[in-house]
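Participant: Next up, coords_28.txt (compact mmCIF, C-alpha atoms and all ligand atoms).
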# COMPACT_ATOMS: atom_id res chain seq x y z
CA MET E 1 -4.00 8.59 -16.39
CA ASP E 2 -4.96 4.95 -16.78
CA CYS E 3 -3.93 3.92 -13.25
CA ILE E 4 -6.36 2.00 -11.05
CA PHE E 5 -4.79 3.25 -7.82
CA CYS E 6 -4.95 6.91 -8.95
CA GLN E 7 -8.62 6.27 -9.70
CA ILE E 8 -9.18 4.76 -6.24
CA ALA E 9 -7.38 7.78 -4.72
CA GLU E 10 -9.75 10.09 -6.63
CA HIS E 11 -12.81 8.04 -5.61
CA LYS E 12 -13.47 7.22 -9.28
CA LEU E 13 -13.18 3.49 -8.56
CA PRO E 14 -14.68 1.91 -5.43
CA ALA E 15 -12.51 0.57 -2.63
CA ASN E 16 -13.01 -0.43 0.98
CA ILE E 17 -11.12 2.52 2.48
CA VAL E 18 -9.89 2.24 6.07
CA TYR E 19 -8.02 5.57 6.27
CA GLU E 20 -7.47 8.62 4.06
CA ASP E 21 -6.14 12.14 4.31
CA ASP E 22 -4.70 14.69 1.87
CA ASP E 23 -1.53 12.66 1.31
CA VAL E 24 -2.41 8.96 1.45
CA VAL E 25 -5.23 6.44 1.10
CA ALA E 26 -5.39 3.00 2.77
CA PHE E 27 -7.84 0.35 1.56
CA HIS E 28 -8.40 -3.40 1.78
CA ASP E 29 -6.70 -5.49 -0.91
CA ILE E 30 -9.25 -7.02 -3.31
CA ASN E 31 -7.46 -10.41 -3.11
CA PRO E 32 -6.26 -10.66 0.50
CA GLN E 33 -3.28 -12.88 1.28
CA ALA E 34 -3.82 -12.73 5.05
CA PRO E 35 -6.76 -12.06 7.41
CA VAL E 36 -5.75 -8.39 7.24
CA HIS E 37 -4.31 -7.16 3.93
CA VAL E 38 -4.40 -3.42 3.38
CA LEU E 39 -2.65 -1.31 0.75
CA VAL E 40 -1.39 2.21 1.52
CA ILE E 41 -0.76 4.54 -1.44
CA PRO E 42 0.23 8.15 -2.01
CA ARG E 43 -2.87 10.06 -3.05
CA LYS E 44 -1.79 12.97 -5.25
CA LYS E 45 1.52 11.81 -6.66
CA HIS E 46 1.72 8.89 -9.09
CA ILE E 47 5.08 7.17 -8.53
CA ALA E 48 5.18 3.96 -10.58
CA LYS E 49 7.65 2.03 -8.43
CA ILE E 50 10.00 2.48 -5.49
CA ALA E 51 12.93 2.49 -7.95
CA ASP E 52 11.49 5.72 -9.40
CA MET E 53 11.54 7.55 -6.05
CA THR E 54 13.47 10.79 -5.91
CA ALA E 55 14.91 12.48 -2.83
CA GLU E 56 11.87 14.76 -2.67
CA ASP E 57 9.60 11.70 -2.21
CA GLN E 58 11.23 10.65 1.07
CA ALA E 59 8.74 12.36 3.36
CA LEU E 60 5.73 11.09 1.38
CA VAL E 61 6.93 7.49 1.38
CA GLY E 62 7.82 7.86 5.06
CA LYS E 63 4.25 8.87 5.69
CA VAL E 64 2.97 5.85 3.74
CA ILE E 65 4.96 3.65 6.14
CA TYR E 66 3.77 5.57 9.20
CA ILE E 67 0.13 5.20 8.10
CA GLY E 68 0.76 1.49 7.52
CA LYS E 69 1.70 1.24 11.18
CA GLN E 70 -1.32 3.31 12.22
CA VAL E 71 -3.65 1.10 10.18
CA ALA E 72 -2.10 -2.02 11.76
CA GLU E 73 -3.03 -0.59 15.17
CA GLN E 74 -6.49 0.46 13.94
CA LEU E 75 -7.23 -3.07 12.66
CA GLY E 76 -5.89 -4.83 15.75
CA ILE E 77 -2.86 -6.64 14.30
CA ALA E 78 -0.11 -4.47 15.76
CA GLU E 79 0.39 -6.33 19.02
CA ASP E 80 0.88 -9.77 17.45
CA GLY E 81 3.00 -8.33 14.64
CA PHE E 82 2.59 -7.66 10.95
CA ARG E 83 4.53 -7.40 7.71
CA LEU E 84 5.09 -4.33 5.51
CA VAL E 85 6.07 -5.01 1.87
CA PHE E 86 6.83 -2.93 -1.21
CA ASN E 87 7.13 -5.15 -4.27
CA ASN E 88 9.30 -3.47 -6.89
CA GLY E 89 9.39 -4.35 -10.58
CA ARG E 90 9.05 -7.69 -12.34
CA HIS E 91 11.35 -9.77 -10.16
CA GLY E 92 9.95 -8.04 -7.10
CA GLY E 93 6.49 -9.34 -7.95
CA GLN E 94 4.92 -5.95 -8.65
CA HIS E 95 1.72 -5.97 -10.72
CA VAL E 96 0.22 -2.51 -10.15
CA TYR E 97 2.58 0.31 -11.09
CA HIS E 98 1.58 2.95 -8.53
CA ILE E 99 3.61 2.45 -5.38
CA HIS E 100 1.73 0.71 -2.59
CA LEU E 101 2.68 -0.61 0.79
CA HIS E 102 1.20 -4.00 1.65
CA VAL E 103 0.18 -4.27 5.33
CA LEU E 104 -0.28 -7.97 6.13
CA GLY E 105 -1.26 -9.50 9.42
CA GLY E 106 -3.63 -11.63 11.44
CA ARG E 107 -1.54 -14.78 10.98
CA PRO E 108 2.14 -15.69 11.36
CA MET E 109 4.21 -14.85 8.27
CA THR E 110 6.90 -17.16 6.89
CA TRP E 111 10.43 -16.34 5.77
CA PRO E 112 11.94 -16.36 3.20
CA PRO E 113 9.13 -15.01 1.03
CA GLY E 114 8.32 -16.87 -2.19
P1 LIG G 1 1.59 -5.89 -6.31
O1 LIG G 1 1.58 -7.30 -6.90
O2 LIG G 1 1.67 -4.86 -7.40
O3 LIG G 1 2.62 -5.70 -5.24
O4 LIG G 1 0.22 -5.72 -5.55
C1 LIG G 1 -0.95 -5.29 -6.18
C2 LIG G 1 -2.08 -5.61 -5.23
O5 LIG G 1 -3.20 -4.86 -5.62
C3 LIG G 1 -2.49 -7.08 -5.24
O6 LIG G 1 -2.39 -7.60 -3.92
C4 LIG G 1 -3.91 -7.05 -5.77
O7 LIG G 1 -4.75 -8.01 -5.14
C5 LIG G 1 -4.36 -5.64 -5.45
N1 LIG G 1 -5.33 -5.08 -6.37
C6 LIG G 1 -5.29 -5.11 -7.73
N2 LIG G 1 -6.34 -4.46 -8.25
C7 LIG G 1 -7.07 -4.00 -7.19
C8 LIG G 1 -8.27 -3.25 -7.10
O8 LIG G 1 -8.89 -2.85 -8.09
N3 LIG G 1 -8.72 -2.97 -5.85
C9 LIG G 1 -8.06 -3.38 -4.73
N4 LIG G 1 -8.60 -3.04 -3.55
N5 LIG G 1 -6.91 -4.08 -4.78
C10 LIG G 1 -6.42 -4.39 -6.00
ZN ZN G 2 -1.35 6.10 -10.15
Since I need it in another form, could you write the structure as structure tokens?
Ligand code: 5GP
Ligand code: ZN
Facilitator:
Amino acid sequence: MDCIFCQIAEHKLPANIVYEDDDVVAFHDINPQAPVHVLVIPRKKHIAKIADMTAEDQALVGKVIYIGKQVAEQLGIAEDGFRLVFNNGRHGGQHVYHIHLHVLGGRPMTWPPG
């Protein structure tokens, strides 16, 4: 499949990986929007967007969020706080159609988002 995040998950494209196991991969965003900007993706299942989730994906996406929190601790941004984001679809600002959790931290975030 012509999906860059599937290819990163299969180690066919390079990425700066900070955590991986059988279910998920976490790697630094190529165009960071904060001092720490990591993406967490499911490894074996290509789900294009959160809107395509089915009930059977709940545990996998729950693990993506859990690993986002673990990575925040690993990279030292957990104590000050961080932001977790799933962009979904065109109005949600999604550009890569393989679900990914943005883990952003290392500076104060603003609200509302743009
Ligand atoms: P989206 O806009 O879909 O929510 O987020 C896609 C993210 O993937 C962007 O933050 C973008 O910088 C990042 N990205 C796109 N292509 C690559 C890539 O090849 N490698 C890495 N590490 N990040 C990428
Ligand atoms: Zn994919």
Participant: Could the residues that lie within 6 Å of ligand LIG 1 (chain G), counting all atoms listed in the file, be listed as an NGL selection string?
Facilitator: :E and (15 or 28-31 or 87 or 93-96)
Participant: Show me which residues line ligand ZN 2 (chain G), defined as having an atom within 10 Å of a ligand atom where all atoms listed in the file count, and present them as a list of chain:residue names.
Facilitator: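 Listed by chain and ascending number, the contacts are E:Met1, E:Asp2, E:Cys3, E:Ile4, E:Phe5, E:Cys6, E:Gln7, E:Ile8, E:Ala9, E:Glu10, E:Ile41, E:Pro42, E:Arg43, E:Lys44, E:Lys45, E:His46, E:Ile47, E:Ala48, E:Val96, E:Tyr97, E:His98, E:Ile99, E:His100.
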Participant: Neighbours of range 109-111 of chain E within 12 Å (all atoms listed in the file; same-chain residues fewer than 5 positions away dropped), as a list in words?
Facilitator: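 What passes the distance filter is Gln33, Ala34, Pro35, Val36, Asp80, Gly81, Phe82, Arg83, Leu84, Val85, Val103 and Leu104 of chain E.
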Participant: Counting only C-alpha atoms, which residue out of E:Ile50, E:Val61, E:Ala78, E:Ile67 sits closest to Phe27 in chain E?
Facilitator: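 Ranked by minimum distance to Phe27 in chain E, first place goes to E:Ile67.
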Participant: Which residue gives the smallest distance to Gly92 in chain E among E:Ala72, E:Val40, E:Val25, E:Ala51, with only C-alpha atoms counted?
Facilitator: E:Ala51
Participant: Considering only C-alpha atoms, state which residue in the set E:His37, E:His91, E:Val71, E:Gly62 is at the smallest distance from Glu20 in chain E.
Facilitator: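 Closest residue, counting only C-alpha atoms: E:Val71.
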Participant: Please determine, counting all atoms listed in the file, which residue among E:Arg90, E:Asp57, E:Glu79, E:Asn16 has the shortest atom-to-atom distance to Arg107 in chain E.
Facilitator: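 Closest candidate: E:Glu79.
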Participant: CA of Asp21 in chain E and CA of Asn88 in chain E are how many Å apart?
Facilitator: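 CA of Asn88 in chain E lies 24.6 Å from CA of Asp21 in chain E.
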Participant: So what do you get for CA of Met53 in chain E versus CA of Leu39 in chain E, distance-wise?
Facilitator: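 Straight-line distance from CA of Met53 in chain E to CA of Leu39 in chain E works out to 18.1 Å.
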Participant: What's the separation between CA of Ala59 in chain E and CA of Gly89 in chain E, in Å to one decimal place?
Facilitator: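 Between CA of Ala59 in chain E and CA of Gly89 in chain E the gap works out to 21.8 Å.
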